[in-house]
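Novice: Enclosed is the structure file upload.cif (mmCIF, C-alpha atoms and all ligand atoms).
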data_target
#
loop_
_atom_site.label_atom_id
_atom_site.label_comp_id
_atom_site.auth_asym_id
_atom_site.auth_seq_id
_atom_site.Cartn_x
_atom_site.Cartn_y
_atom_site.Cartn_z
CA MET A 1 160.80 -24.44 58.59
CA ASP A 2 164.00 -22.38 57.99
CA HIS A 3 164.31 -21.32 54.35
CA TYR A 4 167.63 -20.64 52.53
CA LYS A 5 168.55 -19.97 48.94
CA TYR A 6 171.41 -22.48 49.25
CA ILE A 7 171.96 -25.36 51.64
CA ILE A 8 175.50 -26.67 51.23
CA LEU A 9 176.23 -30.22 52.40
CA GLY A 10 179.77 -30.77 53.76
CA ALA A 11 182.31 -28.20 55.03
CA GLY A 12 185.45 -29.53 53.35
CA PRO A 13 187.49 -27.26 51.05
CA SER A 14 184.84 -27.27 48.30
CA GLY A 15 181.83 -26.48 50.54
CA LEU A 16 183.82 -23.80 52.41
CA SER A 17 184.94 -22.15 49.17
CA PHE A 18 181.43 -22.21 47.74
CA ALA A 19 180.06 -20.61 50.94
CA HIS A 20 182.73 -17.90 51.17
CA THR A 21 182.28 -16.98 47.52
CA LEU A 22 178.55 -16.49 48.09
CA LYS A 23 179.40 -14.24 51.03
CA THR A 24 181.82 -12.21 48.91
CA LEU A 25 179.15 -11.82 46.24
CA GLY A 26 176.78 -10.37 48.87
CA GLU A 27 174.54 -13.45 49.12
CA ASP A 28 173.49 -14.02 52.72
CA SER A 29 170.85 -16.71 52.38
CA PHE A 30 172.88 -19.90 52.78
CA LEU A 31 173.70 -22.56 55.36
CA LEU A 32 176.64 -24.96 55.37
CA ILE A 33 176.03 -28.25 57.19
CA GLU A 34 178.92 -30.37 58.53
CA LYS A 35 178.83 -33.63 60.48
CA GLU A 36 182.19 -33.13 62.25
CA ARG A 37 182.84 -30.55 64.96
CA VAL A 38 185.55 -28.80 62.86
CA ALA A 39 185.47 -27.74 59.20
CA GLY A 40 188.10 -28.99 56.73
CA GLY A 41 187.03 -32.50 55.69
CA LEU A 42 189.97 -34.63 54.56
CA CYS A 43 192.26 -31.63 55.13
CA ARG A 44 191.73 -31.50 58.93
CA SER A 45 194.59 -31.79 61.43
CA GLU A 46 194.81 -32.90 65.05
CA GLU A 47 197.45 -32.49 67.72
CA VAL A 48 199.26 -35.84 68.15
CA ASP A 49 202.34 -36.33 70.34
CA GLY A 50 202.90 -32.58 70.69
CA ALA A 51 202.62 -31.58 67.03
CA PRO A 52 199.98 -31.37 64.28
CA LEU A 53 199.13 -34.46 62.27
CA ASP A 54 197.01 -34.35 59.12
CA ILE A 55 194.32 -36.93 59.72
CA GLY A 56 193.33 -37.30 56.05
CA GLY A 57 196.91 -38.28 55.11
CA GLY A 58 199.75 -36.17 53.71
CA HIS A 59 198.47 -32.78 52.53
CA PHE A 60 200.53 -30.11 50.75
CA LEU A 61 199.30 -27.02 48.92
CA ASP A 62 200.25 -26.77 45.27
CA VAL A 63 201.45 -23.28 44.39
CA LYS A 64 200.28 -23.17 40.78
CA ARG A 65 196.82 -21.53 41.14
CA LYS A 66 197.25 -17.86 42.03
CA GLU A 67 193.53 -17.26 42.52
CA VAL A 68 193.39 -20.10 45.06
CA LEU A 69 196.45 -18.86 46.93
CA ASP A 70 195.04 -15.31 47.14
CA PHE A 71 191.74 -16.74 48.37
CA LEU A 72 193.39 -18.87 51.09
CA PHE A 73 195.80 -16.09 52.14
CA GLN A 74 192.74 -14.06 53.25
CA PHE A 75 192.34 -16.59 56.09
CA MET A 76 195.97 -17.52 56.64
CA PRO A 77 198.44 -14.93 55.31
CA LYS A 78 201.37 -15.93 53.12
CA SER A 79 203.77 -15.18 55.99
CA GLU A 80 202.28 -18.16 57.89
CA TRP A 81 203.17 -20.65 55.13
CA GLN A 82 206.53 -22.25 54.40
CA GLU A 83 207.42 -22.91 50.76
CA ARG A 84 209.40 -26.12 50.14
CA LYS A 85 210.82 -27.96 47.15
CA ARG A 86 209.27 -31.43 47.02
CA VAL A 87 211.44 -34.37 48.05
CA SER A 88 209.49 -37.58 47.48
CA LYS A 89 211.08 -41.01 47.16
CA ILE A 90 210.23 -44.55 46.17
CA ASN A 91 211.59 -47.50 48.13
CA ILE A 92 212.83 -49.89 45.45
CA ARG A 93 215.36 -52.74 45.63
CA GLY A 94 216.30 -51.69 49.17
CA GLN A 95 217.10 -48.05 48.40
CA GLU A 96 215.29 -44.72 48.09
CA VAL A 97 215.06 -43.21 44.60
CA ASP A 98 213.43 -39.88 43.76
CA TYR A 99 209.90 -39.93 42.32
CA PRO A 100 209.05 -40.50 39.48
CA LEU A 101 211.13 -43.64 39.01
CA GLU A 102 211.34 -43.36 35.19
CA ALA A 103 213.03 -39.95 35.49
CA ASN A 104 215.43 -41.00 38.24
CA LEU A 105 216.74 -44.44 37.30
CA TRP A 106 220.21 -42.87 37.18
CA GLN A 107 220.22 -42.91 41.00
CA LEU A 108 220.24 -46.74 41.05
CA PRO A 109 223.36 -48.96 40.83
CA LEU A 110 224.35 -49.66 37.20
CA ALA A 111 223.01 -53.24 37.05
CA ASP A 112 219.55 -52.15 38.35
CA ARG A 113 219.52 -49.19 35.96
CA ILE A 114 220.12 -51.53 33.01
CA ASP A 115 217.37 -53.92 34.22
CA PHE A 116 214.78 -51.15 34.33
CA LEU A 117 215.92 -49.45 31.11
CA GLU A 118 215.65 -52.77 29.30
CA SER A 119 212.13 -53.17 30.70
CA ILE A 120 210.98 -49.78 29.41
CA ALA A 121 212.68 -50.35 26.04
CA GLN A 122 210.65 -53.54 25.58
CA ALA A 123 207.33 -51.94 26.61
CA SER A 124 204.45 -52.44 24.20
CA CYS A 125 203.87 -48.69 23.77
CA LEU A 126 207.29 -48.39 22.12
CA ARG A 127 206.45 -51.26 19.78
CA GLY A 128 203.36 -49.47 18.50
CA LEU A 129 200.86 -51.86 20.14
CA PRO A 130 197.43 -50.28 20.85
CA MET A 131 196.83 -48.68 24.26
CA PRO A 132 194.75 -51.02 26.49
CA THR A 133 191.62 -49.76 28.26
CA SER A 134 192.23 -51.21 31.73
CA PHE A 135 194.72 -49.69 34.19
CA GLU A 136 196.37 -53.05 34.93
CA GLU A 137 197.26 -53.73 31.29
CA TRP A 138 198.20 -50.09 30.71
CA ILE A 139 200.93 -50.26 33.39
CA THR A 140 202.83 -53.04 31.60
CA TRP A 141 202.08 -51.53 28.17
CA LYS A 142 203.62 -48.21 29.24
CA LEU A 143 206.50 -49.24 31.53
CA GLY A 144 207.36 -52.83 30.62
CA GLU A 145 207.30 -56.01 32.70
CA ARG A 146 209.95 -55.24 35.29
CA ILE A 147 208.81 -51.80 36.48
CA ALA A 148 205.26 -53.14 36.42
CA ALA A 149 206.12 -56.19 38.54
CA GLU A 150 208.42 -54.50 41.05
CA TYR A 151 206.77 -51.11 41.45
CA MET A 152 203.60 -50.02 39.69
CA LEU A 153 201.46 -53.17 40.04
CA PRO A 154 202.22 -53.86 43.73
CA TYR A 155 201.98 -50.16 44.68
CA ASN A 156 198.61 -49.77 42.99
CA ARG A 157 197.33 -53.06 44.41
CA LYS A 158 198.21 -51.67 47.85
CA ILE A 159 196.71 -48.18 47.56
CA TRP A 160 193.46 -49.15 45.80
CA SER A 161 193.09 -52.71 47.11
CA VAL A 162 190.78 -53.70 44.26
CA ASP A 163 191.31 -55.74 41.10
CA LEU A 164 193.27 -53.29 38.89
CA LYS A 165 191.47 -54.69 35.83
CA THR A 166 188.34 -52.84 37.03
CA LEU A 167 190.06 -49.41 36.89
CA GLY A 168 190.07 -47.26 33.74
CA ILE A 169 192.82 -45.13 32.21
CA TYR A 170 190.91 -41.86 31.68
CA TRP A 171 192.54 -40.30 34.80
CA LEU A 172 196.16 -41.08 33.97
CA TYR A 173 196.86 -37.58 32.65
CA LYS A 174 197.34 -36.80 36.37
CA LEU A 175 200.43 -39.04 36.56
CA PRO A 176 203.87 -37.74 35.54
CA ASP A 177 204.62 -38.48 31.88
CA VAL A 178 208.22 -39.47 31.07
CA SER A 179 209.02 -40.72 27.56
CA PHE A 180 211.68 -43.38 26.87
CA ARG A 181 213.85 -40.70 25.29
CA GLU A 182 213.60 -38.59 28.47
CA THR A 183 214.43 -41.63 30.61
CA LEU A 184 217.55 -42.26 28.51
CA GLN A 185 218.47 -38.58 28.66
CA SER A 186 218.14 -38.51 32.46
CA CYS A 187 220.30 -41.64 32.78
CA LEU A 188 223.04 -40.05 30.68
CA GLU A 189 222.83 -36.56 32.23
CA HIS A 190 222.16 -37.72 35.81
CA THR A 191 219.28 -35.29 36.21
CA PRO A 192 215.49 -35.85 36.00
CA SER A 193 213.64 -35.00 32.79
CA GLY A 194 210.01 -35.23 31.58
CA THR A 195 206.85 -33.68 33.05
CA LEU A 196 207.45 -33.11 36.74
CA PRO A 197 204.78 -34.32 39.19
CA ALA A 198 202.31 -32.03 40.98
CA HIS A 199 203.64 -30.25 44.06
CA GLY A 200 207.14 -29.67 42.58
CA THR A 201 207.06 -26.84 45.09
CA PHE A 202 204.48 -26.77 47.85
CA LEU A 203 203.28 -24.70 50.78
CA TYR A 204 202.76 -26.07 54.28
CA PRO A 205 201.88 -24.01 57.39
CA LYS A 206 204.92 -22.93 59.44
CA LYS A 207 203.35 -23.47 62.87
CA TYR A 208 200.22 -25.53 62.25
CA GLY A 209 198.96 -28.59 60.41
CA TYR A 210 197.29 -28.36 56.98
CA GLY A 211 193.91 -28.14 58.71
CA GLU A 212 194.44 -24.66 60.16
CA VAL A 213 193.41 -22.64 57.12
CA TRP A 214 190.14 -24.61 56.69
CA LYS A 215 189.36 -24.36 60.40
CA ARG A 216 189.70 -20.56 60.14
CA MET A 217 187.51 -20.51 57.03
CA GLY A 218 184.84 -22.37 58.96
CA GLU A 219 185.03 -20.02 61.95
CA ALA A 220 184.77 -16.96 59.67
CA LEU A 221 181.37 -18.19 58.45
CA LYS A 222 179.91 -17.79 61.96
CA ASP A 223 176.18 -18.69 61.99
CA HIS A 224 176.27 -19.76 58.36
CA LEU A 225 178.07 -22.97 59.44
CA LEU A 226 176.24 -25.67 61.37
CA ILE A 227 178.83 -28.09 62.80
CA SER A 228 178.31 -31.51 64.46
CA THR A 229 175.19 -31.90 62.32
CA PRO A 230 175.10 -34.94 60.03
CA VAL A 231 172.79 -34.69 57.05
CA ALA A 232 170.37 -37.53 57.77
CA SER A 233 167.46 -36.96 55.38
CA ILE A 234 166.81 -35.12 52.12
CA ASP A 235 163.38 -34.64 50.63
CA ILE A 236 164.21 -34.16 46.97
CA GLU A 237 160.82 -32.93 45.75
CA ASP A 238 160.56 -30.09 48.30
CA ARG A 239 164.33 -29.80 48.89
CA ILE A 240 164.06 -30.18 52.66
CA VAL A 241 167.14 -31.28 54.60
CA ASN A 242 166.87 -32.98 58.03
CA GLY A 243 163.13 -32.33 58.09
CA HIS A 244 163.24 -28.57 58.79
CA LEU A 245 165.78 -26.83 56.51
CA LYS A 246 164.32 -25.83 53.14
CA ALA A 247 166.49 -24.82 50.17
CA ASP A 248 165.99 -23.36 46.71
CA LYS A 249 169.15 -25.18 45.73
CA ILE A 250 171.02 -28.01 47.44
CA VAL A 251 174.79 -27.99 46.93
CA THR A 252 176.34 -31.38 47.68
CA SER A 253 179.97 -32.18 48.48
CA ILE A 254 179.16 -35.27 50.57
CA PRO A 255 179.59 -38.79 49.14
CA TRP A 256 176.77 -39.93 46.85
CA SER A 257 176.85 -43.35 48.53
CA GLN A 258 175.39 -41.68 51.64
CA TRP A 259 172.44 -40.34 49.67
CA LEU A 260 171.14 -43.90 49.32
CA SER A 261 169.96 -44.00 52.92
CA MET A 262 168.87 -40.35 53.08
CA ALA A 263 166.90 -39.50 49.97
CA ASN A 264 163.97 -40.68 47.89
CA MET A 265 165.61 -41.10 44.49
CA PRO A 266 164.49 -42.93 41.33
CA GLU A 267 165.71 -46.52 40.91
CA TYR A 268 168.04 -45.70 37.97
CA VAL A 269 169.81 -43.03 40.06
CA ARG A 270 170.25 -45.45 42.96
CA ASN A 271 171.66 -48.05 40.59
CA ASN A 272 174.17 -45.55 39.23
CA ILE A 273 175.21 -44.52 42.75
CA LEU A 274 175.81 -48.20 43.53
CA LYS A 275 178.34 -48.20 40.66
CA LEU A 276 180.48 -45.56 42.42
CA HIS A 277 183.24 -47.11 44.53
CA TYR A 278 185.75 -45.66 46.97
CA ALA A 279 188.85 -46.55 48.98
CA SER A 280 189.23 -45.96 52.72
CA ILE A 281 192.61 -44.96 54.16
CA ASP A 282 193.95 -45.41 57.69
CA VAL A 283 196.48 -42.94 59.01
CA ASP A 284 198.72 -44.31 61.81
CA TYR A 285 201.23 -42.41 63.91
CA HIS A 286 204.69 -43.80 64.80
CA ALA A 287 206.97 -41.96 67.23
CA GLU A 288 210.36 -43.04 65.76
CA ILE A 289 212.40 -40.53 63.77
CA LEU A 290 213.42 -41.75 60.31
CA SER A 291 216.78 -40.96 58.74
CA THR A 292 215.63 -39.66 55.37
CA ASN A 293 215.42 -36.13 53.96
CA ALA A 294 212.21 -37.04 52.05
CA HIS A 295 208.89 -35.36 52.81
CA TRP A 296 207.20 -38.61 51.89
CA VAL A 297 208.18 -42.10 50.66
CA TYR A 298 206.12 -44.50 48.48
CA ASP A 299 206.58 -48.19 49.31
CA PRO A 300 205.49 -50.89 46.82
CA ASP A 301 206.63 -53.82 49.02
CA GLU A 302 203.46 -55.89 49.50
CA ARG A 303 204.84 -57.45 52.68
CA LEU A 304 204.27 -54.06 54.33
CA ALA A 305 200.65 -53.00 54.88
CA HIS A 306 201.16 -49.25 54.27
CA HIS A 307 201.84 -47.71 50.86
CA ARG A 308 203.20 -44.29 51.92
CA ILE A 309 205.20 -42.83 54.79
CA LEU A 310 204.89 -39.15 55.72
CA CYS A 311 208.11 -37.94 57.35
CA ARG A 312 206.54 -35.34 59.62
CA THR A 313 209.87 -34.03 60.99
CA ASN A 314 210.87 -32.89 57.48
CA PHE A 315 207.93 -30.52 56.93
CA CYS A 316 206.29 -29.87 60.29
CA ALA A 317 208.19 -27.68 62.76
CA ASP A 318 208.99 -29.00 66.27
CA SER A 319 207.59 -32.44 65.51
CA LYS A 320 208.87 -35.97 65.85
CA GLY A 321 207.91 -39.27 64.31
CA TYR A 322 206.16 -40.13 61.06
CA TRP A 323 202.79 -41.37 59.94
CA THR A 324 201.75 -44.03 57.44
CA GLU A 325 198.85 -44.28 54.97
CA THR A 326 197.32 -47.73 54.52
CA ASN A 327 194.26 -48.87 52.64
CA SER A 328 191.83 -49.91 55.40
CA ARG A 329 191.41 -53.35 53.80
CA ARG A 330 195.11 -54.03 54.47
CA THR A 331 195.45 -52.47 57.92
CA ILE A 332 196.67 -54.63 60.78
CA LYS A 333 195.76 -52.73 63.97
CA LYS A 334 198.63 -52.60 66.45
CA GLY A 335 197.42 -49.97 68.93
CA GLY A 336 198.72 -46.42 68.96
CA TRP A 337 197.14 -43.35 67.41
CA SER A 338 195.13 -44.18 64.30
CA TYR A 339 192.41 -42.50 62.22
CA THR A 340 190.21 -44.11 59.56
CA ASN A 341 189.04 -41.98 56.62
CA GLU A 342 186.16 -44.01 55.29
CA TYR A 343 185.82 -41.80 52.21
CA ALA A 344 189.39 -41.12 51.06
CA TYR A 345 189.72 -41.87 47.33
CA PRO A 346 186.93 -42.11 44.74
CA LEU A 347 187.83 -45.11 42.55
CA ASN A 348 188.27 -44.49 38.83
CA THR A 349 186.50 -47.63 37.68
CA LEU A 350 185.71 -48.37 34.03
CA GLU A 351 182.00 -47.67 34.62
CA LYS A 352 182.34 -44.49 36.71
CA PRO A 353 182.19 -41.89 33.90
CA PHE A 354 178.81 -43.26 32.70
CA ALA A 355 177.37 -43.56 36.20
CA ILE A 356 178.36 -40.04 37.28
CA GLU A 357 177.06 -38.57 34.02
CA ALA A 358 173.60 -40.03 34.72
CA ILE A 359 173.70 -38.75 38.32
CA PHE A 360 174.69 -35.23 37.16
CA ARG A 361 171.75 -35.13 34.72
CA TRP A 362 169.27 -36.12 37.42
CA ALA A 363 170.83 -33.68 39.92
CA ALA A 364 170.57 -30.75 37.48
CA GLU A 365 166.87 -31.52 36.91
CA ASN A 366 166.32 -31.33 40.69
CA ASN A 367 168.21 -28.12 41.54
CA ILE A 368 171.10 -30.01 43.08
CA LEU A 369 174.62 -28.73 42.40
CA CYS A 370 177.48 -31.25 42.61
CA ILE A 371 180.83 -29.98 43.84
CA GLY A 372 184.13 -31.29 45.17
CA ARG A 373 185.72 -34.71 45.45
CA TRP A 374 182.49 -36.53 46.34
CA GLY A 375 179.92 -34.47 44.44
CA THR A 376 181.84 -35.15 41.21
CA TRP A 377 183.55 -38.42 42.34
CA GLU A 378 186.90 -37.09 41.07
CA HIS A 379 190.39 -37.31 42.52
CA MET A 380 191.07 -33.66 43.06
CA ASN A 381 193.55 -31.88 45.25
CA SER A 382 192.37 -29.23 47.67
CA ASP A 383 193.48 -26.35 45.43
CA VAL A 384 191.31 -27.77 42.63
CA ALA A 385 188.40 -28.27 45.06
CA VAL A 386 188.70 -24.59 46.08
CA SER A 387 188.90 -23.38 42.51
CA ALA A 388 185.86 -25.48 41.51
CA GLY A 389 183.91 -24.30 44.61
CA ILE A 390 184.55 -20.65 43.72
CA SER A 391 183.56 -21.13 40.05
CA ALA A 392 180.41 -23.10 40.95
CA ALA A 393 179.21 -20.37 43.36
CA ARG A 394 179.83 -17.64 40.78
CA LYS A 395 177.96 -19.61 38.14
CA ALA A 396 175.07 -20.38 40.50
CA GLU A 397 174.58 -16.74 41.40
CA ARG A 398 174.01 -15.84 37.76
CA VAL A 399 171.39 -18.59 37.38
CA THR A 400 167.76 -17.81 38.25
CA VAL A 401 166.42 -20.14 40.90
CA LYS A 402 162.73 -21.09 40.84
C1 LIG B 501 195.54 -39.54 51.30
C2 LIG B 501 195.19 -38.22 50.67
C3 LIG B 501 196.20 -37.31 50.37
C4 LIG B 501 195.88 -36.09 49.80
N1 LIG B 501 196.91 -35.20 49.55
C5 LIG B 501 196.61 -33.97 49.11
C6 LIG B 501 197.65 -32.98 48.96
O1 LIG B 501 198.82 -33.24 49.21
N2 LIG B 501 197.29 -31.74 48.54
C7 LIG B 501 196.01 -31.42 48.27
O2 LIG B 501 195.76 -30.26 47.92
N3 LIG B 501 195.02 -32.32 48.36
C8 LIG B 501 195.29 -33.59 48.78
N4 LIG B 501 194.28 -34.52 48.93
C9 LIG B 501 192.94 -34.19 48.44
C10 LIG B 501 192.09 -33.35 49.40
O3 LIG B 501 191.91 -34.05 50.60
C11 LIG B 501 190.75 -33.10 48.75
O4 LIG B 501 190.93 -32.45 47.52
C12 LIG B 501 189.81 -32.20 49.50
O5 LIG B 501 189.67 -32.58 50.81
C13 LIG B 501 188.46 -32.22 48.80
O6 LIG B 501 187.59 -31.38 49.49
P1 LIG B 501 186.03 -31.64 49.47
O7 LIG B 501 185.42 -30.55 50.22
O8 LIG B 501 185.58 -31.84 48.07
O9 LIG B 501 185.82 -33.08 50.19
P2 LIG B 501 186.09 -33.48 51.72
O10 LIG B 501 187.34 -32.87 52.21
O11 LIG B 501 185.98 -34.97 51.77
O12 LIG B 501 184.88 -32.81 52.50
C14 LIG B 501 183.58 -33.37 52.55
C15 LIG B 501 182.92 -32.91 53.84
O13 LIG B 501 181.62 -33.45 53.92
C16 LIG B 501 181.36 -33.84 55.26
N5 LIG B 501 180.30 -34.84 55.28
C17 LIG B 501 180.30 -36.09 54.77
N6 LIG B 501 179.13 -36.69 55.01
C18 LIG B 501 178.35 -35.81 55.66
C19 LIG B 501 177.02 -35.83 56.17
N7 LIG B 501 176.23 -36.91 56.05
N8 LIG B 501 176.55 -34.72 56.79
C20 LIG B 501 177.31 -33.61 56.94
N9 LIG B 501 178.58 -33.54 56.47
C21 LIG B 501 179.09 -34.61 55.84
C22 LIG B 501 182.72 -34.41 55.70
O14 LIG B 501 182.83 -34.51 57.12
C23 LIG B 501 183.67 -33.39 55.09
O15 LIG B 501 183.90 -32.31 55.97
C24 LIG B 501 194.55 -35.77 49.49
C25 LIG B 501 193.54 -36.69 49.77
C26 LIG B 501 193.85 -37.91 50.36
C27 LIG B 501 192.75 -38.89 50.69
#
As a first step, turn the structure in this file into structure tokens.

Specialist:
Amino acid sequence: MDHYKYIILGAGPSGLSFAHTLKTLGEDSFLLIEKERVAGGLCRSEEVDGAPLDIGGGHFLDVKRKEVLDFLFQFMPKSEWQERKRVSKINIRGQEVDYPLEANLWQLPLADRIDFLESIAQASCLRGLPMPTSFEEWITWKLGERIAAEYMLPYNRKIWSVDLKTLGIYWLYKLPDVSFRETLQSCLEHTPSGTLPAHGTFLYPKKYGYGEVWKRMGEALKDHLLISTPVASIDIEDRIVNGHLKADKIVTSIPWSQWLSMANMPEYVRNNILKLHYASIDVDYHAEILSTNAHWVYDPDERLAHHRILCRTNFCADSKGYWTETNSRRTIKKGGWSYTNEYAYPLNTLEKPFAIEAIFRWAAENNILCIGRWGTWEHMNSDVAVSAGISAARKAERVTVK
């Protein structure tokens, strides 16, 4: 039996950051276990048609967290990253408009602008009606019938591919917030106003795909990283992983849904795990070159299977073609290069906050730390996953382990 202070499950950004922080703090007794042959999780890249392609979908590094940038620059120096100003568009009424729509209506022909302005002006939120609790009703309440019908409802039906009535609104602080006044102002001044979306400016590697930095982080861990090793069993009482790896603490960044077949957990924990849902995303490569200056384009048209196009030539040097992101429930396989991310988005259902709370309580009682997108079942970008991984490792090192 090999014995470690920490066994970390999953070498995506959060597991890698947790492990490297332990190393920096002088802690040597840890092992990171990863089922794939390369570290990086959803942020991995592969070479496709002569250039890198990010297999987890479009990935761009937000520049806002200095601590995260400094941490990542240790593995891939700043000089290897290209900073770009975000150009993201929405395909609406046959033309591309900058995202977010509410801040860029001025780019539409006058008649369309008036249609959408009228829709927002009649929205229930401006008439003082109470905020609904389901995402579906919130969309119309906030943006009015027309933007809901032509953009937000179809787009969200495509990306999540579940009944939008089952999703909550507690995560909407992550969406750009543009008031009616700001929409009017932008229409009159012909410039966007309101809270700008994440990634206003982003970093992307000059020569590589987004996966390069995480691959290097994995390699730097040497024997502390066990690749091509799926976690298959967890004995909770004795904290034994795969029958021969014993831990004082288990740190999990792998999806809770997988724990159901691996671990002996109480019935109420299993029932709460069954309440956690997720969306799978297929990434498909297309060799044609698109004539847009956008880095990515959102498409709400439900006649098309995909919901987003990543214009690789506009952010990845010496590349051609583009890739699409499609919820796996909508994919129509046509041949060509394709990758399925079974675990892509945790779903923010109405019951999730209660279910995850119960799982956290049980995990804490059993010396299990929950980190990252799947340990906390939160939509988080990689910079947030890194930041949370670093903080969790620092906190854990100050805690006495039995
Ligand atoms: C479509 C899409 C677009 C995104 N765009 C961006 C973006 O532009 N910018 C950004 O910063 N972030 C973006 N993200 C978010 C980013 O991918 C995540 O924040 C990040 O990957 C979370 O890291 P993690 O380590 O928590 O989880 P993951 O990356 O999912 O890592 C989990 C790891 O666990 C491993 N694992 C799972 N099961 C097992 C098992 N049984 N045994 C062993 N190992 C296992 C997996 O192989 C994986 O390596 C995007 C995500 C998606 C889906």

Novice: Go ahead and compute the interatomic distance for CA of Tyr173 in chain A and atom C2 of ligand LIG 501 (chain B), in Å to one decimal.

Specialist: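 So the answer is 18.1 Å.
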
Novice: Can you tell me which residues surround range 232-237 of chain A at a distance of at most 7 Å, considering only C-alpha atoms, apart from same-chain residues fewer than 6 positions away, and format the answer as a PyMOL selection string?

Specialist: chain A and resi 243+262-264

Novice: Now that the selection is made, can you save its residues with C-alpha atoms as a PDB file, keeping the file's coordinate frame?

Specialist:
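The new file out_31.pdb reads:
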ATOM      1  CA  GLY A 243     163.130 -32.330  58.090  1.00  0.00           C
ATOM      2  CA  MET A 262     168.870 -40.350  53.080  1.00  0.00           C
ATOM      3  CA  ALA A 263     166.900 -39.500  49.970  1.00  0.00           C
ATOM      4  CA  ASN A 264     163.970 -40.680  47.890  1.00  0.00           C
TER       5      ASN A 264
END

Novice: Please provide as a list in words all residues within 9 Å of range 265-276 of chain A, with the sequence filter that same-chain residues fewer than 6 positions apart are discarded (counting only C-alpha atoms).

Specialist: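 Contacts, in chain order: Ile236, Trp256, Ser257, Trp259, Pro346, Leu347, Asn348, Thr349, Glu351, Lys352, Phe354, Ala355, Ile356, Ala358, Ile359, Trp362 and Trp377 of chain A.
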
Novice: Find the distance between atom P1 of ligand LIG 501 (chain B) and CA of Leu245 in chain A and write it in Å to one decimal.

Specialist: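 Going from atom P1 of ligand LIG 501 (chain B) over to CA of Leu245 in chain A covers 22.0 Å.
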
Novice: Restricting the calculation to all atoms listed in the file: of A:Trp323, A:Tyr298, A:Trp106, A:Trp374, which residue gets closest to His277 in chain A?

Specialist: A:Trp374

Novice: Using all atoms listed in the file, can you tell me which of A:Asp299, A:Glu136, A:Glu36, A:Glu365 comes closest to Leu350 in chain A?

Specialist: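 Looking only at the distances to Leu350 in chain A, the closest residue turns out to be A:Glu136.
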
Novice: Select, from A:Ile90, A:Leu129, A:Met380, A:Leu69, the residue with the minimum atom-to-atom distance to ligand LIG 501 (chain B), counting all atoms listed in the file.

Specialist: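 The answer is A:Met380, which sits nearest to ligand LIG 501 (chain B).
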
Novice: Please identify every polymer residue within 8 Å of ligand LIG 501 (chain B), using all atoms listed in the file, and present the set as a ChimeraX atom specification.

Specialist: /A:9-16,33-36,38-43,56-62,199,228-232,253-255,258,281,325,341,343-345,371-375,379-386

Novice: Pick from A:Cys311, A:Met76, A:Ala19, A:Ala220: nearest to Ser291 in chain A, with only C-alpha atoms counted?

Specialist: A:Cys311

Novice: What does the distance from CA of Lys333 in chain A to CA of Asn156 in chain A come to in Å, to one decimal?

Specialist: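 Spanning CA of Lys333 in chain A to CA of Asn156 in chain A is a straight-line distance of 21.4 Å.
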